$ cat coords_26.txt   # compact mmCIF, C-alpha atoms
# COMPACT_ATOMS: atom_id res chain seq x y z
CA MET A 1 77.92 -15.87 51.98
CA ARG A 2 77.88 -12.31 50.77
CA VAL A 3 75.14 -11.45 48.31
CA ARG A 4 77.48 -9.91 45.76
CA ARG A 5 79.40 -13.14 45.54
CA ILE A 6 76.17 -15.07 45.04
CA TRP A 7 74.90 -12.73 42.38
CA LEU A 8 77.95 -11.68 40.39
CA ILE A 9 80.13 -14.77 40.35
CA GLY A 10 78.39 -16.50 37.42
CA VAL A 11 80.95 -16.64 34.64
CA LEU A 12 78.30 -16.64 31.95
CA LEU A 13 76.58 -13.42 32.93
CA VAL A 14 76.52 -10.55 30.48
CA ALA A 15 77.90 -7.11 31.16
CA SER A 16 76.18 -4.88 33.67
CA SER A 17 72.64 -4.01 32.68
CA GLY A 18 72.45 -0.65 34.38
CA CYS A 19 69.32 -1.70 36.29
CA ALA A 20 68.71 0.54 39.28
CA VAL A 21 69.28 -1.36 42.53
CA ALA A 22 68.46 -0.49 46.10
CA ALA A 23 71.17 -0.70 48.77
CA LEU A 24 71.92 -4.26 49.80
CA PRO A 25 72.12 -5.44 53.41
CA PRO A 26 75.62 -6.05 54.75
CA ALA A 27 75.14 -9.48 56.32
CA GLY A 28 75.02 -12.78 54.43
CA PRO A 29 72.41 -15.53 54.78
CA PRO A 30 72.92 -18.59 56.96
CA SER A 31 74.61 -21.69 55.58
CA VAL A 32 72.52 -24.40 54.00
CA SER A 33 73.14 -26.61 57.03
CA ASP A 34 71.28 -24.05 59.13
CA LEU A 35 68.18 -24.22 56.99
CA VAL A 36 65.31 -26.24 58.37
CA ALA A 37 64.69 -29.44 56.41
CA ARG A 38 61.18 -29.78 55.05
CA GLU A 39 59.09 -32.70 53.89
CA LEU A 40 59.60 -33.45 50.23
CA PRO A 41 56.37 -32.61 48.40
CA GLY A 42 54.95 -34.66 45.56
CA PRO A 43 55.76 -33.63 41.99
CA TRP A 44 52.20 -33.57 40.69
CA PRO A 45 50.90 -30.05 40.07
CA GLY A 46 47.22 -29.27 40.30
CA ALA A 47 45.30 -29.14 37.06
CA SER A 48 43.90 -25.72 37.88
CA THR A 49 44.86 -23.25 40.59
CA LYS A 50 43.37 -19.77 40.43
CA LEU A 51 45.03 -17.21 42.63
CA GLY A 52 42.30 -16.22 45.01
CA PRO A 53 42.16 -13.43 47.58
CA PRO A 54 44.64 -13.42 50.48
CA GLY A 55 43.87 -16.22 52.88
CA ALA A 56 42.18 -18.41 50.31
CA GLU A 57 43.28 -22.02 50.24
CA ALA A 58 45.06 -23.44 47.21
CA ALA A 59 43.07 -25.78 45.00
CA THR A 60 43.18 -29.49 45.79
CA ARG A 61 45.58 -31.46 43.64
CA PRO A 62 44.17 -34.15 41.35
CA GLU A 63 44.76 -37.84 41.96
CA LYS A 64 48.46 -38.63 41.70
CA ARG A 65 49.83 -40.83 38.94
CA VAL A 66 53.33 -42.25 38.86
CA LEU A 67 55.48 -44.06 36.35
CA PRO A 68 54.69 -47.75 35.95
CA VAL A 69 56.40 -49.71 38.72
CA GLU A 70 59.08 -51.40 36.66
CA ARG A 71 59.97 -48.25 34.76
CA ARG A 72 60.17 -46.28 38.00
CA ARG A 73 62.43 -48.89 39.59
CA ARG A 74 64.72 -48.89 36.57
CA LEU A 75 65.00 -45.12 36.70
CA ASP A 76 65.65 -45.18 40.46
CA ARG A 77 68.46 -47.71 39.96
CA ALA A 78 69.94 -45.82 37.02
CA LEU A 79 70.03 -42.57 38.98
CA GLU A 80 71.44 -44.26 42.06
CA ARG A 81 74.24 -45.85 40.04
CA TYR A 82 75.09 -42.65 38.21
CA LEU A 83 74.99 -40.33 41.21
CA ALA A 84 77.15 -42.73 43.22
CA THR A 85 79.95 -41.85 40.79
CA ARG A 86 79.47 -38.08 41.04
CA PRO A 87 80.62 -35.56 43.64
CA GLY A 88 77.99 -33.80 45.72
CA ARG A 89 74.31 -34.61 45.52
CA ALA A 90 71.45 -34.06 43.09
CA ALA A 91 67.69 -34.53 42.84
CA VAL A 92 65.14 -34.42 40.03
CA ALA A 93 61.39 -34.04 39.60
CA VAL A 94 59.41 -34.50 36.38
CA TYR A 95 55.78 -33.91 35.47
CA ASP A 96 54.56 -35.26 32.13
CA ARG A 97 51.64 -33.11 31.03
CA THR A 98 50.84 -35.53 28.22
CA THR A 99 50.12 -38.44 30.57
CA ALA A 100 49.59 -36.56 33.87
CA THR A 101 52.42 -38.61 35.37
CA GLY A 102 54.91 -37.47 37.98
CA TYR A 103 58.23 -38.64 39.40
CA ALA A 104 60.67 -37.43 42.06
CA PHE A 105 64.07 -38.77 43.10
CA PRO A 106 65.26 -39.21 45.77
CA THR A 107 62.75 -38.99 48.63
CA GLU A 108 64.95 -36.90 50.90
CA ARG A 109 64.13 -33.99 53.14
CA GLU A 110 67.04 -31.57 52.78
CA PRO A 111 66.38 -28.72 50.31
CA PHE A 112 68.71 -27.20 47.73
CA MET A 113 69.68 -23.56 47.26
CA LEU A 114 67.95 -22.27 44.11
CA ALA A 115 70.46 -19.66 42.94
CA SER A 116 69.12 -18.06 39.74
CA VAL A 117 66.35 -20.62 39.26
CA ALA A 118 64.57 -18.43 41.84
CA LYS A 119 64.13 -15.89 39.05
CA VAL A 120 61.30 -18.02 37.63
CA ASP A 121 59.53 -17.75 40.99
CA ILE A 122 60.04 -13.97 40.91
CA LEU A 123 58.66 -13.77 37.36
CA LEU A 124 55.56 -15.75 38.35
CA ALA A 125 54.90 -13.45 41.30
CA LEU A 126 55.45 -10.36 39.14
CA LEU A 127 52.96 -11.45 36.48
CA LEU A 128 50.32 -12.34 39.05
CA ARG A 129 50.83 -9.02 40.82
CA THR A 130 50.22 -7.03 37.65
CA GLN A 131 47.13 -9.14 36.86
CA GLN A 132 45.70 -8.40 40.29
CA GLU A 133 46.34 -4.72 39.65
CA GLY A 134 44.45 -5.01 36.36
CA ARG A 135 47.35 -3.95 34.16
CA ARG A 136 50.11 -5.22 31.91
CA LEU A 137 53.81 -5.02 32.60
CA ASP A 138 55.07 -1.57 31.71
CA GLY A 139 58.05 -1.08 29.42
CA TYR A 140 60.58 -0.81 32.22
CA GLU A 141 59.29 -3.95 33.95
CA ARG A 142 59.46 -5.84 30.66
CA THR A 143 63.07 -4.78 30.22
CA LEU A 144 63.95 -5.92 33.72
CA ALA A 145 62.15 -9.25 33.30
CA ALA A 146 63.75 -9.92 29.91
CA ARG A 147 67.26 -9.32 31.21
CA MET A 148 66.55 -11.33 34.37
CA ILE A 149 65.49 -14.45 32.43
CA ARG A 150 67.41 -14.24 29.16
CA TYR A 151 70.74 -13.12 30.60
CA SER A 152 70.33 -14.01 34.29
CA ASP A 153 70.89 -10.36 35.23
CA ASN A 154 70.98 -10.22 39.01
CA ASP A 155 70.52 -6.49 39.47
CA CYS A 156 67.31 -6.64 37.44
CA ALA A 157 66.13 -9.62 39.47
CA HIS A 158 66.83 -7.72 42.66
CA GLU A 159 64.76 -4.74 41.52
CA LEU A 160 61.83 -6.97 40.54
CA TYR A 161 62.11 -8.80 43.87
CA LEU A 162 61.57 -5.48 45.60
CA THR A 163 58.65 -4.75 43.25
CA ILE A 164 56.81 -7.93 44.30
CA GLY A 165 57.32 -7.18 47.99
CA GLY A 166 60.53 -9.10 48.61
CA ARG A 167 60.53 -12.17 50.79
CA ARG A 168 57.04 -11.57 52.17
CA GLY A 169 55.50 -10.93 48.76
CA LEU A 170 57.01 -14.01 47.17
CA SER A 171 56.17 -16.20 50.15
CA GLU A 172 52.51 -15.13 50.03
CA VAL A 173 52.20 -15.90 46.31
CA LEU A 174 53.86 -19.31 46.61
CA GLY A 175 51.71 -20.23 49.60
CA ARG A 176 48.49 -19.26 47.85
CA LEU A 177 49.49 -21.36 44.84
CA GLY A 178 50.17 -24.44 46.93
CA VAL A 179 53.97 -24.26 46.68
CA ARG A 180 54.39 -24.88 50.39
CA HIS A 181 57.93 -26.22 50.75
CA THR A 182 59.85 -23.26 49.34
CA ARG A 183 60.74 -20.39 51.66
CA PRO A 184 62.39 -17.30 50.16
CA GLY A 185 65.89 -16.66 51.43
CA PRO A 186 66.37 -14.36 54.44
CA GLY A 187 66.18 -10.63 53.88
CA LEU A 188 66.77 -9.79 50.24
CA TYR A 189 68.80 -12.90 49.45
CA TRP A 190 66.49 -14.50 46.91
CA GLY A 191 69.34 -16.62 45.51
CA ALA A 192 69.63 -18.44 48.85
CA THR A 193 66.02 -19.65 48.68
CA PRO A 194 65.86 -23.34 49.73
CA SER A 195 63.53 -25.54 47.72
CA HIS A 196 62.95 -29.00 46.25
CA PRO A 197 62.80 -29.97 42.56
CA SER A 198 59.12 -30.91 42.86
CA ASP A 199 58.26 -27.45 44.17
CA GLN A 200 60.00 -25.83 41.21
CA VAL A 201 58.14 -28.10 38.79
CA MET A 202 54.97 -26.86 40.46
CA VAL A 203 56.07 -23.23 40.01
CA LEU A 204 56.64 -23.88 36.30
CA GLU A 205 53.25 -25.56 36.02
CA ARG A 206 51.53 -22.59 37.66
CA LEU A 207 53.37 -20.28 35.29
CA THR A 208 52.55 -22.15 32.07
CA ALA A 209 49.33 -24.17 32.57
CA PRO A 210 46.54 -23.19 30.13
CA ASP A 211 44.01 -23.42 32.97
CA GLY A 212 46.32 -21.93 35.60
CA PRO A 213 46.38 -18.51 37.26
CA VAL A 214 48.55 -16.76 34.64
CA SER A 215 46.75 -15.15 31.69
CA ALA A 216 47.33 -16.42 28.17
CA ALA A 217 49.22 -13.27 27.20
CA ASN A 218 51.49 -13.50 30.24
CA ARG A 219 52.08 -17.22 29.66
CA ARG A 220 53.21 -16.49 26.12
CA TYR A 221 55.44 -13.73 27.38
CA ALA A 222 57.08 -15.90 30.06
CA LEU A 223 57.65 -18.81 27.69
CA GLY A 224 58.99 -16.40 25.09
CA LEU A 225 61.66 -15.29 27.54
CA MET A 226 62.56 -18.82 28.61
CA THR A 227 62.83 -20.08 25.02
CA THR A 228 65.23 -17.27 24.09
CA VAL A 229 67.81 -17.40 26.88
CA ALA A 230 71.39 -16.59 25.90
CA PRO A 231 72.82 -19.64 24.07
CA ALA A 232 75.65 -19.95 26.60
CA GLN A 233 73.03 -20.39 29.32
CA ALA A 234 70.83 -22.96 27.53
CA TRP A 235 72.47 -26.05 29.05
CA GLY A 236 70.95 -28.44 31.58
CA VAL A 237 67.36 -29.36 30.79
CA GLY A 238 67.83 -27.32 27.63
CA SER A 239 70.23 -29.93 26.24
CA VAL A 240 67.87 -32.92 26.23
CA GLY A 241 64.73 -31.90 24.36
CA GLU A 242 63.02 -29.86 21.68
CA ARG A 243 61.14 -26.57 21.98
CA VAL A 244 62.81 -26.03 25.33
CA ALA A 245 61.97 -23.22 27.75
CA VAL A 246 64.70 -23.12 30.39
CA LYS A 247 66.18 -21.16 33.29
CA ASN A 248 69.38 -22.26 34.98
CA GLY A 249 71.18 -21.23 38.14
CA TRP A 250 74.80 -21.58 39.24
CA LEU A 251 77.08 -20.27 41.96
CA PRO A 252 80.04 -21.35 44.10
CA ALA A 253 78.53 -21.45 47.59
CA GLU A 254 80.59 -20.34 50.57
CA ALA A 255 78.31 -22.53 52.68
CA HIS A 256 79.85 -25.49 50.81
CA ASP A 257 83.45 -24.24 50.90
CA GLY A 258 83.17 -22.76 47.43
CA ARG A 259 81.80 -25.88 45.79
CA TRP A 260 79.21 -25.30 43.11
CA THR A 261 75.43 -25.25 43.16
CA VAL A 262 74.20 -25.97 39.61
CA ASN A 263 70.45 -26.11 38.84
CA SER A 264 68.17 -26.34 35.81
CA LEU A 265 64.42 -25.85 35.38
CA GLY A 266 62.52 -26.13 32.13
CA ARG A 267 59.71 -27.27 29.88
CA LEU A 268 60.59 -29.48 26.93
CA THR A 269 59.00 -31.66 24.30
CA VAL A 270 60.47 -35.11 23.61
CA GLY A 271 58.88 -37.95 21.64
CA GLY A 272 55.41 -36.44 21.86
CA HIS A 273 55.66 -35.84 25.61
CA GLU A 274 55.50 -32.36 27.15
CA LEU A 275 57.70 -32.53 30.24
CA LEU A 276 58.25 -30.10 33.10
CA MET A 277 61.54 -30.88 34.81
CA ALA A 278 63.74 -29.54 37.59
CA VAL A 279 67.21 -30.86 38.41
CA LEU A 280 68.91 -29.35 41.46
CA SER A 281 72.47 -30.14 42.54
CA GLU A 282 75.12 -28.94 44.95
CA ARG A 283 78.76 -29.45 46.06
CA SER A 284 80.29 -30.00 42.63
CA PRO A 285 84.01 -29.10 42.49
CA ASP A 286 83.45 -26.78 39.51
CA MET A 287 80.65 -25.51 37.29
CA SER A 288 81.37 -27.83 34.35
CA THR A 289 81.15 -30.90 36.60
CA GLY A 290 77.82 -29.68 37.95
CA ILE A 291 76.46 -29.10 34.44
CA ALA A 292 77.52 -32.60 33.37
CA THR A 293 75.71 -34.09 36.38
CA VAL A 294 72.53 -32.12 35.77
CA GLU A 295 72.43 -32.98 32.08
CA GLU A 296 72.94 -36.72 32.61
CA VAL A 297 70.25 -36.81 35.32
CA ALA A 298 67.91 -35.00 32.93
CA ARG A 299 68.78 -37.41 30.10
CA LEU A 300 68.07 -40.48 32.22
CA ALA A 301 64.72 -39.04 33.34
CA VAL A 302 63.67 -38.13 29.80
CA GLN A 303 64.59 -41.61 28.60
CA ALA A 304 62.37 -43.21 31.26
CA PHE A 305 59.39 -40.99 30.43
CA THR A 306 59.56 -41.42 26.68
CA ARG A 307 60.38 -45.12 26.22
CA GLN A 308 57.46 -47.07 24.84
CA ASN A 309 57.65 -50.22 26.95
CA THR A 310 56.51 -50.31 30.57

$ encode --input "coords_26.txt" --output "structure tokens"
Amino acid sequence: MRVRRIWLIGVLLVASSGCAVAALPPAGPPSVSDLVARELPGPWPGASTKLGPPGAEAATRPEKRVLPVERRRRLDRALERYLATRPGRAAVAVYDRTTATGYAFPTEREPFMLASVAKVDILLALLLRTQQEGRRLDGYERTLAARMIRYSDNDCAHELYLTIGGRRGLSEVLGRLGVRHTRPGPGLYWGATPSHPSDQVMVLERLTAPDGPVSAANRRYALGLMTTVAPAQAWGVGSVGERVAVKNGWLPAEAHDGRWTVNSLGRLTVGGHELLMAVLSERSPDMSTGIATVEEVARLAVQAFTRQNT
């Protein structure tokens, strides 16, 4: 899967940004089937995780809470019934900050390719890097980050990926934050990063938690970008809530014979609940089918978290 196809195929991308980009490697990443399956982590982020010095262990997660049994079973059955009618496969993780409740479906081991959802991971690493250096993002970095998130500009994402140290830099940050089941794609292929929905919910929690490792100013900046994405790219999780901060990813994967990977990650408010949600999917015959799957999975999950009865 050549990197240019991964990065430039998205039909909703804006015109070229003019971001400076280093030379790309000629070889593509391995297929998804070659990626090592990893244990599915739980969807409950830690209440506080400060980024310590290299080698420091991530903070221990708080006691896990799950949906009430009957509500969880109903949601499991609803998702099973719906996904049985859809091509490909999909998975979802939700963390309700209001009730400190988490959910993940299904409990499978095989990861998903992140595509442009990986840009949220890159943004998190960038903000933490500048904090460790005792400075703010400079004007050029802010321009790159804004285009990366708001317009899913791949050249800008590539340049910022190099800024954070590429695969090694991102892997170190994720490991120190307790995001242990996401491994950046080989070489410079950040879009091929395999991950699970619950890991991406954890990334979003680390990025936006008031008591997390990201400063208040940088949290406001990140959420400002994610709440002002181009309207044509505000689907997925962005379609099922209010005050939504979202980043989506999409690409036709050669590893899946050109079938589509369609993903959505976001923070939303619904019925008094603040929800962090990731829906990852793959092997849809086209982008619109993948979007429809992601949005219905998100709708079913939101319904389960916001209904009043147990």

$ closest_residue --input "coords_26.txt" --among "A:Ala78, A:Val270, A:Val66, A:Val240" --to "A:Ala93" --atoms "only C-alpha atoms"
A:Val66

$ closest_residue --input "coords_26.txt" --among "A:Arg259, A:Arg77, A:Lys247, A:Arg71" --to "A:Ala232" --atoms "all atoms listed in the file"
A:Lys247

$ closest_residue --input "coords_26.txt" --among "A:Leu251, A:Leu79, A:Val246, A:Ala217" --to "A:Val92" --atoms "all atoms listed in the file"
A:Leu79

$ axis_aligned_box --input "coords_26.txt" --around "stretch 172-188 of chain A" --padding-each-side "6 Å" --output "AutoDock Vina command-line options"
--center_x 57.6 --center_y -18.0 --center_z 49.6 --size_x 30.3 --size_y 28.4 --size_z 21.6

$ residues_near_point --input "coords_26.txt" --point "(79.9, -28.9, 28.4)" --cutoff "12 Å" --atoms "only C-alpha atoms" --output "list in words"
Ala232, Gln233, Ala234, Trp235, Gly236, Ser239, Asp286, Met287, Ser288, Thr289, Gly290, Ile291, Ala292, Thr293, Val294, Glu295 and Glu296 of chain A

$ write_last_selection --input "coords_26.txt" --atoms "C-alpha atoms" --output "short mmCIF file (atom, residue, chain, number, x, y, z; two decimals), in the coordinates of the input"
data_model
loop_
_atom_site.label_atom_id
_atom_site.label_comp_id
_atom_site.auth_asym_id
_atom_site.auth_seq_id
_atom_site.Cartn_x
_atom_site.Cartn_y
_atom_site.Cartn_z
CA ALA A 232 75.65 -19.95 26.60
CA GLN A 233 73.03 -20.39 29.32
CA ALA A 234 70.83 -22.96 27.53
CA TRP A 235 72.47 -26.05 29.05
CA GLY A 236 70.95 -28.44 31.58
CA SER A 239 70.23 -29.93 26.24
CA ASP A 286 83.45 -26.78 39.51
CA MET A 287 80.65 -25.51 37.29
CA SER A 288 81.37 -27.83 34.35
CA THR A 289 81.15 -30.90 36.60
CA GLY A 290 77.82 -29.68 37.95
CA ILE A 291 76.46 -29.10 34.44
CA ALA A 292 77.52 -32.60 33.37
CA THR A 293 75.71 -34.09 36.38
CA VAL A 294 72.53 -32.12 35.77
CA GLU A 295 72.43 -32.98 32.08
CA GLU A 296 72.94 -36.72 32.61
#

$ residues_around --input "coords_26.txt" --residues "stretch 160-171 of chain A" --least-positions-apart "3" --cutoff "10 Å" --atoms "only C-alpha atoms" --output "ChimeraX atom specification"
/A:21-22,119,121-130,141,144-145,148,154-157,174-177,179-180,182-190,193

$ atom_distance --input "coords_26.txt" --atom1 "atom CA of A:Thr99" --atom2 "atom CA of A:Leu75"
17.4 Å

$ closest_residue --input "coords_26.txt" --among "A:Glu282, A:Gly271, A:Ala304, A:Val173" --to "A:Thr98" --atoms "only C-alpha atoms"
A:Gly271

$ closest_residue --input "coords_26.txt" --among "A:Asp76, A:Asp96, A:Glu159, A:Leu265" --to "A:Tyr140" --atoms "only C-alpha atoms"
A:Glu159

$ closest_residue --input "coords_26.txt" --among "A:His196, A:Arg135, A:Arg299, A:Arg142" --to "A:Leu268" --atoms "all atoms listed in the file"
A:Arg299

$ atom_distance --input "coords_26.txt" --atom1 "atom CA of A:Val262" --atom2 "atom CA of A:Asn248"
7.6 Å

$ atom_distance --input "coords_26.txt" --atom1 "atom CA of A:Ser281" --atom2 "atom CA of A:Ala230"
21.5 Å

$ residues_around --input "coords_26.txt" --residues "A:Val302" --least-positions-apart "5" --cutoff "9 Å" --atoms "all atoms listed in the file" --output "JSON, numbers by chain"
{"A": [94, 240, 241, 270, 275, 297, 307]}

$ build_atoms --input "coords_26.txt" --residues "stretch 266-277 of chain A" --atoms "all heavy atoms" --output "PDB file, in the frame of the given file"
ATOM      1  N   GLY A 266      63.012 -26.419  33.459  1.00  0.00           N
ATOM      2  CA  GLY A 266      62.520 -26.130  32.130  1.00  0.00           C
ATOM      3  C   GLY A 266      61.344 -26.970  31.684  1.00  0.00           C
ATOM      4  O   GLY A 266      60.967 -27.948  32.328  1.00  0.00           O
ATOM      5  N   ARG A 267      60.762 -26.534  30.575  1.00  0.00           N
ATOM      6  CA  ARG A 267      59.710 -27.270  29.880  1.00  0.00           C
ATOM      7  C   ARG A 267      60.264 -27.695  28.534  1.00  0.00           C
ATOM      8  O   ARG A 267      60.875 -26.894  27.822  1.00  0.00           O
ATOM      9  CB  ARG A 267      58.485 -26.371  29.669  1.00  0.00           C
ATOM     10  CG  ARG A 267      57.270 -27.122  29.120  1.00  0.00           C
ATOM     11  CD  ARG A 267      56.229 -26.176  28.567  1.00  0.00           C
ATOM     12  NE  ARG A 267      56.636 -25.622  27.274  1.00  0.00           N
ATOM     13  CZ  ARG A 267      55.820 -24.981  26.443  1.00  0.00           C
ATOM     14  NH1 ARG A 267      54.565 -24.780  26.778  1.00  0.00           N
ATOM     15  NH2 ARG A 267      56.263 -24.514  25.285  1.00  0.00           N
ATOM     16  N   LEU A 268      60.057 -28.976  28.182  1.00  0.00           N
ATOM     17  CA  LEU A 268      60.590 -29.480  26.930  1.00  0.00           C
ATOM     18  C   LEU A 268      59.640 -30.485  26.314  1.00  0.00           C
ATOM     19  O   LEU A 268      58.789 -31.060  27.000  1.00  0.00           O
ATOM     20  CB  LEU A 268      61.959 -30.118  27.150  1.00  0.00           C
ATOM     21  CG  LEU A 268      62.045 -31.288  28.134  1.00  0.00           C
ATOM     22  CD1 LEU A 268      63.213 -32.205  27.773  1.00  0.00           C
ATOM     23  CD2 LEU A 268      62.277 -30.754  29.569  1.00  0.00           C
ATOM     24  N   THR A 269      59.786 -30.667  25.028  1.00  0.00           N
ATOM     25  CA  THR A 269      59.000 -31.660  24.300  1.00  0.00           C
ATOM     26  C   THR A 269      59.934 -32.718  23.758  1.00  0.00           C
ATOM     27  O   THR A 269      60.919 -32.400  23.084  1.00  0.00           O
ATOM     28  CB  THR A 269      58.230 -30.999  23.140  1.00  0.00           C
ATOM     29  OG1 THR A 269      57.369 -29.986  23.666  1.00  0.00           O
ATOM     30  CG2 THR A 269      57.388 -32.030  22.391  1.00  0.00           C
ATOM     31  N   VAL A 270      59.648 -33.987  24.074  1.00  0.00           N
ATOM     32  CA  VAL A 270      60.470 -35.110  23.610  1.00  0.00           C
ATOM     33  C   VAL A 270      59.549 -36.269  23.261  1.00  0.00           C
ATOM     34  O   VAL A 270      58.747 -36.702  24.094  1.00  0.00           O
ATOM     35  CB  VAL A 270      61.479 -35.567  24.688  1.00  0.00           C
ATOM     36  CG1 VAL A 270      62.373 -36.667  24.131  1.00  0.00           C
ATOM     37  CG2 VAL A 270      62.326 -34.413  25.184  1.00  0.00           C
ATOM     38  N   GLY A 271      59.640 -36.768  22.031  1.00  0.00           N
ATOM     39  CA  GLY A 271      58.880 -37.950  21.640  1.00  0.00           C
ATOM     40  C   GLY A 271      57.391 -37.835  21.867  1.00  0.00           C
ATOM     41  O   GLY A 271      56.733 -38.815  22.251  1.00  0.00           O
ATOM     42  N   GLY A 272      56.839 -36.644  21.666  1.00  0.00           N
ATOM     43  CA  GLY A 272      55.410 -36.440  21.860  1.00  0.00           C
ATOM     44  C   GLY A 272      54.996 -36.188  23.293  1.00  0.00           C
ATOM     45  O   GLY A 272      53.796 -36.060  23.577  1.00  0.00           O
ATOM     46  N   HIS A 273      55.960 -36.111  24.213  1.00  0.00           N
ATOM     47  CA  HIS A 273      55.660 -35.840  25.610  1.00  0.00           C
ATOM     48  C   HIS A 273      56.061 -34.398  25.956  1.00  0.00           C
ATOM     49  O   HIS A 273      57.175 -33.959  25.639  1.00  0.00           O
ATOM     50  CB  HIS A 273      56.437 -36.785  26.531  1.00  0.00           C
ATOM     51  CG  HIS A 273      56.002 -38.212  26.433  1.00  0.00           C
ATOM     52  ND1 HIS A 273      55.215 -38.821  27.383  1.00  0.00           N
ATOM     53  CD2 HIS A 273      56.248 -39.154  25.480  1.00  0.00           C
ATOM     54  CE1 HIS A 273      54.999 -40.072  27.039  1.00  0.00           C
ATOM     55  NE2 HIS A 273      55.609 -40.305  25.880  1.00  0.00           N
ATOM     56  N   GLU A 274      55.171 -33.680  26.620  1.00  0.00           N
ATOM     57  CA  GLU A 274      55.500 -32.360  27.150  1.00  0.00           C
ATOM     58  C   GLU A 274      55.895 -32.538  28.615  1.00  0.00           C
ATOM     59  O   GLU A 274      55.068 -32.924  29.450  1.00  0.00           O
ATOM     60  CB  GLU A 274      54.313 -31.404  27.048  1.00  0.00           C
ATOM     61  CG  GLU A 274      54.649 -29.999  27.555  1.00  0.00           C
ATOM     62  CD  GLU A 274      53.455 -29.063  27.551  1.00  0.00           C
ATOM     63  OE1 GLU A 274      52.354 -29.503  27.149  1.00  0.00           O
ATOM     64  OE2 GLU A 274      53.619 -27.902  27.981  1.00  0.00           O
ATOM     65  N   LEU A 275      57.155 -32.273  28.915  1.00  0.00           N
ATOM     66  CA  LEU A 275      57.700 -32.530  30.240  1.00  0.00           C
ATOM     67  C   LEU A 275      58.079 -31.235  30.935  1.00  0.00           C
ATOM     68  O   LEU A 275      58.682 -30.341  30.324  1.00  0.00           O
ATOM     69  CB  LEU A 275      58.950 -33.420  30.143  1.00  0.00           C
ATOM     70  CG  LEU A 275      58.801 -34.759  29.416  1.00  0.00           C
ATOM     71  CD1 LEU A 275      60.150 -35.462  29.356  1.00  0.00           C
ATOM     72  CD2 LEU A 275      57.761 -35.634  30.106  1.00  0.00           C
ATOM     73  N   LEU A 276      57.737 -31.137  32.211  1.00  0.00           N
ATOM     74  CA  LEU A 276      58.250 -30.100  33.100  1.00  0.00           C
ATOM     75  C   LEU A 276      59.274 -30.770  34.000  1.00  0.00           C
ATOM     76  O   LEU A 276      58.967 -31.788  34.628  1.00  0.00           O
ATOM     77  CB  LEU A 276      57.130 -29.478  33.927  1.00  0.00           C
ATOM     78  CG  LEU A 276      55.907 -28.947  33.170  1.00  0.00           C
ATOM     79  CD1 LEU A 276      54.918 -28.323  34.147  1.00  0.00           C
ATOM     80  CD2 LEU A 276      56.301 -27.947  32.105  1.00  0.00           C
ATOM     81  N   MET A 277      60.470 -30.204  34.085  1.00  0.00           N
ATOM     82  CA  MET A 277      61.540 -30.880  34.810  1.00  0.00           C
ATOM     83  C   MET A 277      62.397 -29.886  35.588  1.00  0.00           C
ATOM     84  O   MET A 277      62.690 -28.789  35.110  1.00  0.00           O
ATOM     85  CB  MET A 277      62.432 -31.657  33.838  1.00  0.00           C
ATOM     86  CG  MET A 277      63.570 -32.425  34.517  1.00  0.00           C
ATOM     87  SD  MET A 277      64.686 -33.227  33.327  1.00  0.00           S
ATOM     88  CE  MET A 277      63.530 -34.289  32.471  1.00  0.00           C
TER      89      MET A 277
END
